[in-house]
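*Asks:* Dropping the structure in here first, questions after.
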Amino acid sequence: MGLRETQALLARLFTDAGLRRAFFEDPQAAARGLGLSGDDARTLAALDRREVEDFARCLLGKRALDARKVLPLTARALGEDFDRLLFEAIEGPPSRERHRGDAAALARLLAARKPNPAWTGDLARFEMAFVTAARPGVFLRRFDWPINDVARQLLAGAHVDVAPRRRFGIWFRAPGGKLHWRLV
């Protein structure tokens, strides 16, 4: 197996929990299933499981730190649950968008569920709207919560106390222009 194929296989092993589990349950069978020769299968079977798992956790930790940069208020609101929910939302290697893609996957997961607190799905979608608005265009979002009040209270370090109240957001950026946005 060439260097490029070896790197791709190791990257997959480090980022795909299902493959990692199958590999360490029966390394020879998993390696054969990946189309490896006997020598390549024996070489990979010699990998130390603890070291592979430790490195995989390091990679996930980096992805969580990067996603926190995209969704800082959501991370603050979710606290210790942020990483758990993020890891539930992402599978396999990072997308081409990397941390933005991971943050978007978490926002989709929160929107599909009824998270606690209930407004965190809207908060993640609100923060992702600014990522989307980095490109020129007009973007509209509907929120079931007064997301501006949620953001303001979180930024002030206060306990968030809001009741459901619909808001609509509009983001506009002309090509090469400044971002304009408003919640109504």
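Here, A, B, ... name the chains of the structure tokens in the order displayed, residue numbers run from 1 inside each chain, and ligands are numbered from 1 in the same displayed order.
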Identify, on the basis of only C-alpha atoms, every residue whose closest approach to A:Pro72 does not exceed 12 Å; exclude the query and any residue fewer than 2 positions from it along the same chain; express the result as a list in words.
*Replies:*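 Selected residues are Ala64, Leu65, Asp66, Ala67, Arg68, Lys69, Val70, Thr74, Ala75, Arg76, Ala77, Leu78, Gly79, Phe82, Ala103, Thr120, Leu123, Ala124, Phe126, Glu127, Met128, Ala151, Leu154 and Leu155 of chain A.
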*Asks:* To one decimal in Å, tell me the separation between atom CA of A:Ala163 and atom CA of A:Arg84.
*Replies:*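 Distance between the two atoms: 26.4 Å.
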*Asks:* Could you check the closest approach to A:Arg152 for each of A:Leu73, A:Arg21, A:Gly38, A:Glu88 and tell me which residue wins, using only C-alpha atoms?
*Replies:*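 So, comparing all the options, the nearest one is A:Leu73.
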*Asks:* Using only C-alpha atoms, find the one residue out of A:Arg165, A:Arg135, A:His99, A:His159 that sits nearest to A:Leu179.
*Replies:* A:Arg135
*Asks:* Using only C-alpha atoms, which residues sit within 6 Å of stretch 106-111 of chain A once same-chain residues fewer than 2 positions away are excluded, as a list in words?
*Replies:*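 Returned residues: Leu86, Ala89, Ala103, Ala104, Arg113, Gly121, Ala124 and Arg125 of chain A.
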